[in-house]
Structure formats: structure tokens, C-alpha cells
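Here's my_file-v2.csv, which has CSV, C-alpha atoms:
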```
chain,number,residue,atom,x,y,z
A,1,MET,CA,192.9,176.7,80.5
A,2,SER,CA,194.4,174.7,83.4
A,3,ASN,CA,196.3,171.5,82.9
A,4,GLU,CA,193.5,169.7,84.7
A,5,SER,CA,190.9,171.1,82.3
A,6,ALA,CA,193.1,170.3,79.3
A,7,THR,CA,193.2,166.6,80.2
A,8,ALA,CA,189.5,166.3,81.1
A,9,PRO,CA,187.3,164.4,78.7
A,10,HIS,CA,185.5,166.7,76.2
A,11,ALA,CA,181.9,166.5,75.3
A,12,VAL,CA,180.0,168.4,72.7
A,13,VAL,CA,176.4,168.9,73.8
A,14,THR,CA,173.7,170.5,71.6
A,15,GLY,CA,170.7,172.1,73.3
A,16,SER,CA,172.8,172.9,76.4
A,17,SER,CA,171.0,176.1,77.2
A,18,GLY,CA,167.8,174.5,78.5
A,19,GLY,CA,165.8,171.4,79.3
A,20,ILE,CA,167.3,168.0,78.9
A,21,GLY,CA,170.4,169.4,77.2
A,22,ARG,CA,171.2,171.7,80.0
A,23,ALA,CA,170.8,168.9,82.6
A,24,ILE,CA,173.2,166.7,80.6
A,25,ALA,CA,175.8,169.5,80.3
A,26,SER,CA,175.5,170.3,84.0
A,27,HIS,CA,175.8,166.6,85.0
A,28,LEU,CA,178.9,166.2,82.8
A,29,LEU,CA,180.5,169.3,84.2
A,30,GLU,CA,180.0,168.1,87.7
A,31,ALA,CA,181.6,164.8,86.7
A,32,GLY,CA,184.7,166.5,85.5
A,33,TRP,CA,184.1,166.8,81.8
A,34,ARG,CA,184.8,169.8,79.7
A,35,VAL,CA,181.6,170.7,77.8
A,36,SER,CA,181.2,172.6,74.6
A,37,GLY,CA,177.6,173.8,74.4
A,38,VAL,CA,176.4,174.2,70.8
A,39,ASP,CA,173.0,175.9,70.2
A,40,LEU,CA,171.3,179.1,69.2
A,41,ALA,CA,170.0,180.1,72.6
A,42,ALA,CA,172.0,182.2,75.1
A,43,PRO,CA,174.2,180.1,77.4
A,44,THR,CA,173.0,179.4,80.9
A,45,LEU,CA,176.1,177.6,82.3
A,46,SER,CA,178.7,180.2,81.5
A,47,SER,CA,179.8,180.5,85.2
A,48,HIS,CA,181.3,177.0,85.1
A,49,ALA,CA,185.0,177.1,84.2
A,50,GLY,CA,184.7,173.9,82.2
A,51,PHE,CA,182.0,175.2,79.9
A,52,THR,CA,182.3,177.0,76.6
A,53,HIS,CA,179.4,178.0,74.4
A,54,THR,CA,179.2,178.5,70.7
A,55,ALA,CA,176.0,180.1,69.2
A,56,VAL,CA,175.1,178.2,66.1
A,57,ASP,CA,172.0,177.6,64.1
A,58,LEU,CA,171.9,173.8,64.0
A,59,CYS,CA,169.6,174.0,60.9
A,60,ASP,CA,172.5,175.7,59.0
A,61,ALA,CA,174.8,173.2,57.4
A,62,ASP,CA,177.6,175.7,56.8
A,63,ALA,CA,177.5,176.9,60.5
A,64,ILE,CA,177.7,173.3,61.7
A,65,ALA,CA,180.7,172.6,59.6
A,66,ARG,CA,182.5,175.7,60.9
A,67,VAL,CA,181.8,174.8,64.5
A,68,ALA,CA,182.7,171.1,64.1
A,69,ALA,CA,186.0,172.0,62.6
A,70,ALA,CA,187.1,173.5,65.9
A,71,LEU,CA,185.8,170.5,68.0
A,72,GLN,CA,187.9,167.7,66.6
A,73,ASP,CA,189.2,166.8,70.0
A,74,ALA,CA,185.8,165.8,71.2
A,75,ASP,CA,185.5,162.5,73.1
A,76,ALA,CA,181.8,162.5,73.1
A,77,LEU,CA,178.8,164.0,71.1
A,78,VAL,CA,175.4,164.4,72.8
A,79,HIS,CA,172.7,165.7,70.5
A,80,ALA,CA,169.9,166.9,72.7
A,81,ALA,CA,168.6,169.9,70.8
A,82,GLY,CA,165.0,169.5,69.8
A,83,VAL,CA,161.6,171.0,69.1
A,84,LEU,CA,158.1,169.6,68.9
A,85,ARG,CA,155.4,170.3,66.4
A,86,VAL,CA,152.1,168.4,66.4
A,87,GLY,CA,149.4,167.8,64.0
A,88,GLU,CA,147.1,165.1,62.5
A,89,LEU,CA,146.6,164.2,58.9
A,90,GLY,CA,144.8,166.9,57.1
A,91,SER,CA,146.3,169.6,59.3
A,92,LEU,CA,150.0,168.8,59.3
A,93,ASP,CA,152.5,171.6,59.9
A,94,HIS,CA,154.8,171.0,56.9
A,95,ALA,CA,157.2,173.8,57.8
A,96,GLY,CA,157.4,172.4,61.3
A,97,GLY,CA,158.0,169.0,60.0
A,98,GLU,CA,160.9,170.2,57.9
A,99,LEU,CA,162.3,172.1,61.0
A,100,MET,CA,162.2,169.0,63.1
A,101,TRP,CA,163.9,166.9,60.4
A,102,ARG,CA,166.7,169.4,60.0
A,103,LEU,CA,167.2,169.9,63.7
A,104,HIS,CA,166.8,166.4,64.9
A,105,VAL,CA,168.2,164.3,62.0
A,106,ASP,CA,170.2,166.4,59.6
A,107,ALA,CA,172.1,168.2,62.5
A,108,ALA,CA,172.9,164.8,64.1
A,109,THR,CA,174.1,163.5,60.7
A,110,ARG,CA,176.3,166.4,60.0
A,111,LEU,CA,177.8,166.5,63.6
A,112,ALA,CA,178.5,162.8,63.7
A,113,ASP,CA,180.0,162.9,60.2
A,114,ALA,CA,182.3,165.7,61.3
A,115,LEU,CA,183.3,164.4,64.7
A,116,VAL,CA,183.1,160.6,64.9
A,117,PRO,CA,185.9,159.8,62.4
A,118,ALA,CA,188.4,161.6,64.7
A,119,MET,CA,187.1,159.6,67.6
A,120,ALA,CA,187.4,156.4,65.7
A,121,ALA,CA,191.0,157.3,64.7
A,122,ARG,CA,191.9,157.7,68.3
A,123,GLY,CA,190.2,154.4,69.2
A,124,ARG,CA,187.7,155.8,71.6
A,125,GLY,CA,184.5,157.9,71.6
A,126,ARG,CA,180.9,158.1,72.6
A,127,VAL,CA,177.8,159.3,70.8
A,128,VAL,CA,174.3,159.7,72.4
A,129,PHE,CA,171.3,161.0,70.6
A,130,VAL,CA,168.3,162.1,72.7
A,131,GLY,CA,165.3,160.4,71.1
A,132,SER,CA,161.8,159.9,72.4
A,133,ARG,CA,159.5,157.0,73.3
A,134,VAL,CA,157.2,158.7,70.8
A,135,ALA,CA,159.4,157.2,68.1
A,136,GLN,CA,157.2,154.1,68.4
A,137,GLY,CA,154.3,156.2,67.0
A,138,LEU,CA,151.6,158.4,68.6
A,139,PRO,CA,148.5,160.1,67.2
A,140,GLY,CA,149.1,163.7,66.2
A,141,ARG,CA,152.9,163.4,66.4
A,142,GLY,CA,153.7,161.5,63.3
A,143,GLN,CA,156.3,163.9,61.9
A,144,TYR,CA,158.0,164.2,65.3
A,145,ALA,CA,158.0,160.4,65.8
A,146,ALA,CA,159.5,159.9,62.3
A,147,THR,CA,162.5,162.2,63.2
A,148,LYS,CA,163.1,160.4,66.4
A,149,ALA,CA,162.8,157.0,64.8
A,150,ALA,CA,165.4,158.1,62.2
A,151,LEU,CA,167.9,158.7,65.1
A,152,ILE,CA,167.5,155.1,66.1
A,153,ALA,CA,168.2,153.9,62.6
A,154,LEU,CA,171.2,156.2,62.3
A,155,ALA,CA,172.6,155.1,65.7
A,156,ARG,CA,172.3,151.4,64.9
A,157,SER,CA,173.9,151.8,61.5
A,158,TRP,CA,176.8,153.9,62.8
A,159,ALA,CA,177.3,151.7,65.8
A,160,ALA,CA,177.9,148.8,63.5
A,161,GLU,CA,180.4,150.9,61.5
A,162,VAL,CA,182.6,152.0,64.4
A,163,ALA,CA,182.1,149.3,67.1
A,164,ALA,CA,185.5,147.8,66.4
A,165,ARG,CA,187.2,151.1,66.8
A,166,GLY,CA,186.2,151.9,70.3
A,167,VAL,CA,183.2,154.2,69.6
A,168,THR,CA,179.7,153.5,70.9
A,169,VAL,CA,176.5,155.1,69.5
A,170,ASN,CA,173.3,154.9,71.4
A,171,VAL,CA,169.9,156.6,71.8
A,172,VAL,CA,168.3,157.6,75.0
A,173,SER,CA,164.5,157.8,74.6
A,174,PRO,CA,162.6,159.6,77.4
A,175,GLY,CA,158.9,159.5,78.1
A,176,ALA,CA,157.1,162.7,79.0
A,177,THR,CA,159.7,164.9,80.7
A,178,GLN,CA,159.3,167.9,82.9
A,179,THR,CA,160.8,170.7,80.7
A,180,SER,CA,159.6,174.0,79.3
A,181,MET,CA,158.6,172.1,76.1
A,182,LEU,CA,155.4,171.0,77.9
A,183,GLN,CA,154.3,174.7,77.9
A,184,ASP,CA,155.2,175.2,74.2
A,185,PRO,CA,152.1,176.7,72.4
A,186,ALA,CA,153.0,174.6,69.4
A,187,ARG,CA,151.8,171.5,71.2
A,188,ALA,CA,148.4,173.0,72.2
A,189,GLY,CA,145.8,170.2,72.4
A,190,SER,CA,148.4,167.5,72.8
A,191,ALA,CA,148.9,167.0,76.5
A,192,PRO,CA,151.6,164.6,77.7
A,193,ARG,CA,150.5,161.2,79.0
A,194,MET,CA,151.5,160.6,82.6
A,195,PRO,CA,153.8,157.6,83.0
A,196,PRO,CA,152.7,154.7,85.2
A,197,ILE,CA,155.0,155.8,87.9
A,198,GLY,CA,152.7,158.7,88.4
A,199,ARG,CA,155.0,161.6,87.6
A,200,LEU,CA,156.9,163.1,84.7
A,201,ILE,CA,160.5,162.1,84.0
A,202,GLN,CA,163.1,164.6,85.4
A,203,PRO,CA,165.8,166.0,83.2
A,204,GLY,CA,168.4,165.0,85.8
A,205,GLU,CA,167.4,161.3,85.5
A,206,ILE,CA,168.0,161.5,81.8
A,207,ALA,CA,171.3,163.2,82.3
A,208,ALA,CA,172.5,160.5,84.7
A,209,LEU,CA,171.7,157.8,82.1
A,210,VAL,CA,173.6,159.7,79.4
A,211,GLY,CA,176.5,160.2,81.8
A,212,PHE,CA,176.7,156.4,82.3
A,213,LEU,CA,176.6,155.8,78.5
A,214,LEU,CA,179.5,158.1,78.1
A,215,SER,CA,181.6,156.4,80.8
A,216,PRO,CA,184.2,153.6,80.3
A,217,GLN,CA,181.8,151.2,82.1
A,218,ALA,CA,179.4,151.5,79.2
A,219,ALA,CA,181.9,150.4,76.5
A,220,ALA,CA,180.0,147.2,75.8
A,221,ILE,CA,176.7,149.1,75.2
A,222,THR,CA,176.2,150.2,71.6
A,223,GLY,CA,173.5,150.4,69.0
A,224,GLN,CA,170.8,150.5,71.7
A,225,ASP,CA,167.7,152.5,72.2
A,226,VAL,CA,167.5,152.9,75.9
A,227,ALA,CA,164.0,154.0,77.2
A,228,ILE,CA,163.7,156.1,80.4
A,229,CYS,CA,159.9,156.4,80.4
A,230,GLY,CA,158.6,155.6,83.9
A,231,GLY,CA,156.9,152.4,82.6
A,232,SER,CA,155.2,154.1,79.6
A,233,SER,CA,156.5,151.4,77.3
A,234,LEU,CA,154.8,148.7,79.3
A,235,HIS,CA,151.6,147.1,78.0
A,236,ARG,CA,148.7,148.4,80.0
```
Translate this structure into C-alpha cells?
Amino acid sequence: MSNESATAPHAVVTGSSGGIGRAIASHLLEAGWRVSGVDLAAPTLSSHAGFTHTAVDLCDADAIARVAAALQDADALVHAAGVLRVGELGSLDHAGGELMWRLHVDAATRLADALVPAMAARGRGRVVFVGSRVAQGLPGRGQYAATKAALIALARSWAAEVAARGVTVNVVSPGATQTSMLQDPARAGSAPRMPPIGRLIQPGEIAALVGFLLSPQAAAITGQDVAICGGSSLHR
């Protein structure tokens, strides 16, 4: 590793192999960060000198602990890994609900518990969870919404714990986003709602917002759920 790479800020990004997570990792790399991608899928950014990848099942608590032990120098944690399972009352996918809880909430909890104390001890750090506007509730997505709403509760609670020690914790909640998740068979019969701007949110737009929240200029923003939804949260 070069001296320049060694002094670059270090971000741990889950879900870095695709979709929103990949866009975030790519944006940070272009901004001069070192990025440790953490997910089960094969890496897609390996050609970048500042990127390293660790294959880990984020639903496996022991695997998370092992990986986190080697990432104690992280300046930022971005939890972007996610899945979507849909279903209405009477036909809920309980296995899918458990999967979403473990991946969205339990993984975030374990990673933050392992990495944030070291950030706080150094007096600086950033945490961003990728949530969803669906956290406010949407028919057929109750289980998914519950996991994303839980991220907001965690972020606000932890932001209050570490605000005085230079660490911020926020949630970025996108509306319908142009990713491969839209073609996931698991969401059959649950088409995304087009935002009022007339198009889907682009992963790069979310990445730019996350990049700002990780920057020194965002030091006064903490405990917030920031929507990037193309106007979907407006009353219509």
C-alpha cells in the first residue's frame, strides 16, 4: 500500500458489489477514500487500487465479528446491503422477513457495535445506513418497512450516544431506485411507484448524498433520516 493510500480515509461499505452499494463505493474511491467492500457477492470494483473486498455472509454473526476485528481503523461505515421480500397479511413470507431483519438490522447492529467505539475513541467517524422511504409504510411491504424503520430508530439512538465524540449517524432513505432489485422475482406484483419527478432515483445520486454525509462539512448533521425520493414524500 502506498503512503497516500495509507493516509486516505477508510470506509467500510456493505453491498459494494452491486446497486446502491456499488455506486457508493465507486463514488468514495473517486473521492480518494480507501474502501473495504463487505458482502457475499463477487467484487466488481477490484481493479481500483483503493478497493479491497472481503466475502462475508452478513447474516452470520461470527463472520461479521471476524471481519470487523480487522477493520478497526475504519473512519466510516456505510450499510447498503439489502434485499426485498413482499407480501400482504395472510401470505407473508416469514423466512424472507427473518432474512431482511438479519441483513438490514442485525448486521447493522453488529457492525456498528464492533466499529463505532473505535471511531468514538479517536474523536471522529461517520455512519450511514441506507434505509428506504417505504419505512413510512406501504401495502405489501410491511416486513421490509419494519426493518428500514428500525434503522432510523437505531441511528437516532446511537447518534445521541456518540454525538459529543465526533461521530455522526444518519440514514439515507431513497425512493424507487434504478437497480437490479426492480427485476427481482421476489417482488413480483409489487411494481415501484414512479416519483413525481417522472423518473426513478439513480444510484449515483444516492452515492453523492452519502459522500457528503461522510465529509467534514456534514459534521453538524446527525440522527437524521434524509429522503432522496424525487418528491415521493410530498402530499399529492
With a distance cut-off of 8 Å and all atoms listed in the file, select the neighbouring residues of range 49-66 of chain A, excluding the residue or stretch itself and same-chain residues fewer than 5 positions from it, and output the selection as a short mmCIF file (atom, residue, chain, number, x, y, z; two decimals) with C-alpha atoms, in the frame of the given file.
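Writing done, so here's around-v1.cif:
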```cif
data_model
loop_
_atom_site.label_atom_id
_atom_site.label_comp_id
_atom_site.auth_asym_id
_atom_site.auth_seq_id
_atom_site.Cartn_x
_atom_site.Cartn_y
_atom_site.Cartn_z
CA SER A 5 190.90 171.10 82.30
CA LEU A 29 180.50 169.30 84.20
CA TRP A 33 184.10 166.80 81.80
CA ARG A 34 184.80 169.80 79.70
CA VAL A 35 181.60 170.70 77.80
CA SER A 36 181.20 172.60 74.60
CA GLY A 37 177.60 173.80 74.40
CA VAL A 38 176.40 174.20 70.80
CA ASP A 39 173.00 175.90 70.20
CA LEU A 40 171.30 179.10 69.20
CA ALA A 41 170.00 180.10 72.60
CA ALA A 42 172.00 182.20 75.10
CA PRO A 43 174.20 180.10 77.40
CA LEU A 99 162.30 172.10 61.00
CA ARG A 102 166.70 169.40 60.00
CA LEU A 103 167.20 169.90 63.70
CA ASP A 106 170.20 166.40 59.60
CA ALA A 107 172.10 168.20 62.50
CA ARG A 110 176.30 166.40 60.00
CA LEU A 111 177.80 166.50 63.60
CA ALA A 114 182.30 165.70 61.30
#
```
List every residue of range 83-152 of chain A that has an atom at most 9 Å from any atom of range 161-179 of chain A, giving for each one its closest atom pair and the distance in Å to one decimal, counting all atoms listed in the file, sorted by chain and then by ascending residue number, as JSON lines.
```
{"residue": "A:Val116", "atom": "CA", "partner": "A:Val167", "partner_atom": "CA", "distance": 7.9}
{"residue": "A:Pro117", "atom": "CA", "partner": "A:Val162", "partner_atom": "CA", "distance": 8.7}
{"residue": "A:Met119", "atom": "CA", "partner": "A:Val167", "partner_atom": "CA", "distance": 7.0}
{"residue": "A:Ala120", "atom": "CA", "partner": "A:Arg165", "partner_atom": "CA", "distance": 5.4}
{"residue": "A:Ala121", "atom": "CA", "partner": "A:Arg165", "partner_atom": "CA", "distance": 7.6}
{"residue": "A:Arg122", "atom": "CA", "partner": "A:Arg165", "partner_atom": "CA", "distance": 8.2}
{"residue": "A:Gly123", "atom": "CA", "partner": "A:Gly166", "partner_atom": "CA", "distance": 4.8}
{"residue": "A:Arg124", "atom": "CA", "partner": "A:Gly166", "partner_atom": "CA", "distance": 4.4}
{"residue": "A:Gly125", "atom": "CA", "partner": "A:Val167", "partner_atom": "CA", "distance": 4.4}
{"residue": "A:Arg126", "atom": "CA", "partner": "A:Thr168", "partner_atom": "CA", "distance": 5.0}
{"residue": "A:Val127", "atom": "CA", "partner": "A:Val169", "partner_atom": "CA", "distance": 4.6}
{"residue": "A:Val128", "atom": "CA", "partner": "A:Asn170", "partner_atom": "CA", "distance": 5.0}
{"residue": "A:Phe129", "atom": "CA", "partner": "A:Val171", "partner_atom": "CA", "distance": 4.8}
{"residue": "A:Val130", "atom": "CA", "partner": "A:Val172", "partner_atom": "CA", "distance": 5.1}
{"residue": "A:Gly131", "atom": "CA", "partner": "A:Ser173", "partner_atom": "CA", "distance": 4.4}
{"residue": "A:Ser132", "atom": "CA", "partner": "A:Ser173", "partner_atom": "CA", "distance": 4.1}
{"residue": "A:Arg133", "atom": "CA", "partner": "A:Ser173", "partner_atom": "CA", "distance": 5.2}
{"residue": "A:Val134", "atom": "CA", "partner": "A:Gly175", "partner_atom": "CA", "distance": 7.5}
{"residue": "A:Ala135", "atom": "CA", "partner": "A:Ser173", "partner_atom": "CA", "distance": 8.3}
{"residue": "A:Lys148", "atom": "CA", "partner": "A:Ser173", "partner_atom": "CA", "distance": 8.7}
{"residue": "A:Leu151", "atom": "CA", "partner": "A:Val171", "partner_atom": "CA", "distance": 7.3}
{"residue": "A:Ile152", "atom": "CA", "partner": "A:Val171", "partner_atom": "CA", "distance": 6.4}
```
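Closest approach to Gly18 in chain A from the set A:Ser232, A:Gln143, A:Thr44, A:Gln72 is made by A:Thr44, with distances taken over all atoms listed in the file.
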ask   = Which residue out of A:Gln224, A:Leu71, A:Ala159, A:Gly230 has the minimum interatomic distance to Gln202 in chain A when only C-alpha atoms are used?
value = A:Gly230
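Interatomic distance, CA of Ala153 in chain A to CA of Ala68 in chain A: 22.5 Å.
Distance check against Ala118 in chain A using only C-alpha atoms: of A:Asp225, A:Asp75, A:Glu205, A:Glu30, the minimum falls on A:Asp75.
Using only C-alpha atoms, every residue with an atom at most 9 Å from the point (166.4, 164.0, 85.7) is listed here: A:Ile20, A:Ala23, A:Ile24, A:Thr177, A:Gln178, A:Ile201, A:Gln202, A:Pro203, A:Gly204, A:Glu205, A:Ile206, A:Ala207, A:Ala208, A:Leu209.
Closest approach to Leu92 in chain A among A:His10, A:Gly142, A:Gly223, A:Met194: A:Gly142, based on all atoms listed in the file.
All residues of protein, DNA or RNA that reach within 10 Å of Ala146 in chain A, judged by only C-alpha atoms and not counting those fewer than 5 positions away in the chain, are Gly97, Met100, Trp101, Val105, Val134, Ala135, Gln136, Gly137, Arg141 and Leu151 of chain A.
Between CA of Ala80 in chain A and CA of Gly21 in chain A the separation is 5.2 Å.
A straight line drawn from CA of His79 in chain A to CA of Pro139 in chain A is 25.1 Å long.
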remark   = Counting only C-alpha atoms, the residue among A:Arg199, A:Ser46, A:Val12, A:Ser17 that lies closest to Leu115 in chain A is A:Val12
inquiry  = Just checking: using all atoms listed in the file, which residue out of A:Ser16, A:Thr109, A:Thr147, A:Ser233 ends up closest to Arg85 in chain A?
reply    = A:Thr147
Could you give me range 47-69 of chain A completed to N, CA and C atoms, formatted as a tab-separated table (two decimals), in the coordinates of the input?
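Writing the result to result.tsv gives the following:
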```tsv
chain	number	residue	atom	x	y	z
A	47	SER	N	178.99	180.27	83.94
A	47	SER	CA	179.80	180.50	85.20
A	47	SER	C	180.70	179.32	85.48
A	48	HIS	N	180.49	178.20	84.85
A	48	HIS	CA	181.30	177.00	85.10
A	48	HIS	C	182.60	177.11	84.27
A	49	ALA	N	183.75	176.91	84.91
A	49	ALA	CA	185.00	177.10	84.20
A	49	ALA	C	185.22	176.05	83.09
A	50	GLY	N	184.57	174.91	83.19
A	50	GLY	CA	184.70	173.90	82.20
A	50	GLY	C	183.81	173.99	80.99
A	51	PHE	N	182.98	175.04	80.97
A	51	PHE	CA	182.00	175.20	79.90
A	51	PHE	C	182.30	176.28	78.95
A	52	THR	N	182.18	175.98	77.68
A	52	THR	CA	182.30	177.00	76.60
A	52	THR	C	181.02	176.88	75.76
A	53	HIS	N	180.63	177.98	75.17
A	53	HIS	CA	179.40	178.00	74.40
A	53	HIS	C	179.67	178.61	73.01
A	54	THR	N	179.12	177.99	72.00
A	54	THR	CA	179.20	178.50	70.70
A	54	THR	C	177.75	178.68	70.13
A	55	ALA	N	177.37	179.89	69.78
A	55	ALA	CA	176.00	180.10	69.20
A	55	ALA	C	176.03	179.68	67.77
A	56	VAL	N	175.17	178.74	67.45
A	56	VAL	CA	175.10	178.20	66.10
A	56	VAL	C	173.68	177.78	65.78
A	57	ASP	N	173.24	178.08	64.59
A	57	ASP	CA	172.00	177.60	64.10
A	57	ASP	C	172.16	176.18	63.60
A	58	LEU	N	171.64	175.20	64.33
A	58	LEU	CA	171.90	173.80	64.00
A	58	LEU	C	171.06	173.37	62.75
A	59	CYS	N	170.30	174.29	62.18
A	59	CYS	CA	169.60	174.00	60.90
A	59	CYS	C	170.45	174.58	59.73
A	60	ASP	N	171.61	175.14	60.03
A	60	ASP	CA	172.50	175.70	59.00
A	60	ASP	C	173.69	174.84	58.81
A	61	ALA	N	173.75	174.18	57.69
A	61	ALA	CA	174.80	173.20	57.40
A	61	ALA	C	176.19	173.84	57.45
A	62	ASP	N	176.33	175.01	56.87
A	62	ASP	CA	177.60	175.70	56.80
A	62	ASP	C	178.09	176.04	58.26
A	63	ALA	N	177.15	176.49	59.08
A	63	ALA	CA	177.50	176.90	60.50
A	63	ALA	C	177.93	175.63	61.25
A	64	ILE	N	177.26	174.52	61.04
A	64	ILE	CA	177.70	173.30	61.70
A	64	ILE	C	179.07	172.89	61.32
A	65	ALA	N	179.38	172.98	60.04
A	65	ALA	CA	180.70	172.60	59.60
A	65	ALA	C	181.79	173.47	60.18
A	66	ARG	N	181.52	174.76	60.29
A	66	ARG	CA	182.50	175.70	60.90
A	66	ARG	C	182.76	175.33	62.36
A	67	VAL	N	181.70	175.09	63.09
A	67	VAL	CA	181.80	174.80	64.50
A	67	VAL	C	182.53	173.44	64.71
A	68	ALA	N	182.12	172.44	63.95
A	68	ALA	CA	182.70	171.10	64.10
A	68	ALA	C	184.18	171.07	63.81
A	69	ALA	N	184.63	171.92	62.91
A	69	ALA	CA	186.00	172.00	62.60
A	69	ALA	C	186.91	172.33	63.76
```
